[in-house]
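What follows is a set of notes on a single structure, which appears directly below.
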Amino acid sequence: DRQRSADNPLIYLSTQVLQAKEYLEAIVASTTDAICTTDLRGRLIYFSPGAERMLGRRSPDVVGTWAHALYEGGRQEAFGLMRRLLREGKLRNHETVLRGEGRRVHVSMSMALLRDRHGRRIGTLAISKDITERVALERRLRELSITDSLTGLFNQRHLRERADAEVQRARRQKQ
């Protein structure tokens with residue numbers, strides 16, 4: 001069978017392309033990260049199995065819809081990200097909140113422009129990692145660092161920091 005493939009280069013190339021496609025699909029399907037692509041207008045073209053699990057939405061229900069609907073900041077946030085992406089070429093570790101089915105999902109997102117073989121922009125690629133647990137832990141640690149564990153009231157250090165900040169603000173505003 002290998003000899004027949006070698007005799008017919010078209011069959012050989014087709015086989016190689018199919019194997020590469022299956023390999024890449026297996027990689028994408030196995031990741032827990034959300035992988036999404038859009039066209040240049042912002043419509044979702046691809047919504048990975050990891051994105052389905054993370055956001056609780058099915059790919060057939062999402063593909064073809066506007067990507068900004070997934071952002072908690074909506075259209076304004078999506079347009080801001082696109083402006084940055086066009087200016088900088090790519091974004092790394094941008095923290096934002098996506099709208100999951102019935103929940104907010106904090107993510108660290110990396111984005112890049114997709115280009116065709118001639119270098120023309122054809123869309124965007126975003127890969128998002130769920131950091132909801134980390135954000136909750138950071139929030140809890142911040143609360144613990146500024147409150148007294150016995151009374152639950154702000155501790156002296158936090159009181160001094162807030163007082164200093166308010167004095168600085170009063171000076172700036174000449175009050």
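Chain identifiers are assigned as A, B, and so on, following the order in which chains appear in the structure tokens; residues are numbered from 1 within each chain, and ligands are numbered from 1 in order of appearance.
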Open item on the list: From a backbone DSSP assignment, name each residue in chain A labelled strand (DSSP E or B), as an MDAnalysis selection string.
Closed with: chainID A and resid 34:39 43:47 66 71 90:100 103:115 121:130 147 154
Open item on the list: Quick one: residues within 9 Å of Ser108 in chain A, only C-alpha atoms, excluding same-chain residues fewer than 6 positions away - as a VMD selection string?
Closed with: chain A and resid 92 to 97 127 to 131
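For the choices A:Arg169, A:Ser48, A:Ile35, A:Asn155, the atom-to-atom distance to Val107 in chain A is smallest for A:Ile35 when using only C-alpha atoms.
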- [ ] List the neighbours of range 138-149 of chain A out to 12 Å using only C-alpha atoms; skip same-chain residues closer than 4 positions along the sequence, and give me the result as a PyMOL selection string.
- [x] chain A and resi 131-134+153-162
Mind dumping the selected residues with N, CA, C and O atoms as a compact mmCIF listing (two decimals), in the first residue's frame?
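Written output follows (again34.txt):
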```
# COMPACT_ATOMS: atom_id res chain seq x y z
N ILE A 131 -9.13 30.97 34.54
CA ILE A 131 -8.40 31.35 35.76
C ILE A 131 -9.36 31.75 36.87
O ILE A 131 -8.97 32.45 37.81
N THR A 132 -10.60 31.29 36.79
CA THR A 132 -11.63 31.68 37.76
C THR A 132 -11.22 31.33 39.18
O THR A 132 -11.38 32.16 40.10
N GLU A 133 -10.69 30.14 39.39
CA GLU A 133 -10.28 29.73 40.75
C GLU A 133 -9.14 30.60 41.25
O GLU A 133 -9.12 30.99 42.42
N ARG A 134 -8.18 30.91 40.39
CA ARG A 134 -7.05 31.75 40.80
C ARG A 134 -7.53 33.14 41.18
O ARG A 134 -7.10 33.71 42.19
N LEU A 153 -13.05 43.29 60.75
CA LEU A 153 -12.92 44.71 60.41
C LEU A 153 -11.58 44.95 59.73
O LEU A 153 -10.66 44.14 59.83
N PHE A 154 -11.47 46.10 59.04
CA PHE A 154 -10.19 46.44 58.41
C PHE A 154 -9.10 46.52 59.47
O PHE A 154 -9.33 47.02 60.57
N ASN A 155 -7.90 46.05 59.14
CA ASN A 155 -6.79 46.11 60.08
C ASN A 155 -6.11 47.48 60.03
O ASN A 155 -6.43 48.31 59.17
N GLN A 156 -5.16 47.69 60.95
CA GLN A 156 -4.50 49.00 61.06
C GLN A 156 -3.73 49.36 59.79
O GLN A 156 -3.75 50.51 59.36
N ARG A 157 -3.05 48.40 59.22
CA ARG A 157 -2.27 48.67 58.01
C ARG A 157 -3.17 49.17 56.89
O ARG A 157 -2.88 50.16 56.24
N HIS A 158 -4.31 48.53 56.70
CA HIS A 158 -5.23 48.96 55.65
C HIS A 158 -5.80 50.35 55.97
O HIS A 158 -5.93 51.19 55.07
N LEU A 159 -6.11 50.58 57.22
CA LEU A 159 -6.61 51.89 57.63
C LEU A 159 -5.59 52.99 57.31
O LEU A 159 -5.95 54.03 56.75
N ARG A 160 -4.32 52.74 57.62
CA ARG A 160 -3.26 53.72 57.33
C ARG A 160 -3.13 53.94 55.82
O ARG A 160 -3.00 55.08 55.36
N GLU A 161 -3.15 52.86 55.04
CA GLU A 161 -3.05 52.99 53.58
C GLU A 161 -4.20 53.80 53.01
O GLU A 161 -4.01 54.68 52.17
N ARG A 162 -5.41 53.52 53.47
CA ARG A 162 -6.58 54.26 52.98
C ARG A 162 -6.52 55.73 53.41
O ARG A 162 -6.85 56.63 52.63
```
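Reported to one decimal place, the separation of CA of Asp39 in chain A from CA of Ala67 in chain A is 9.7 Å.
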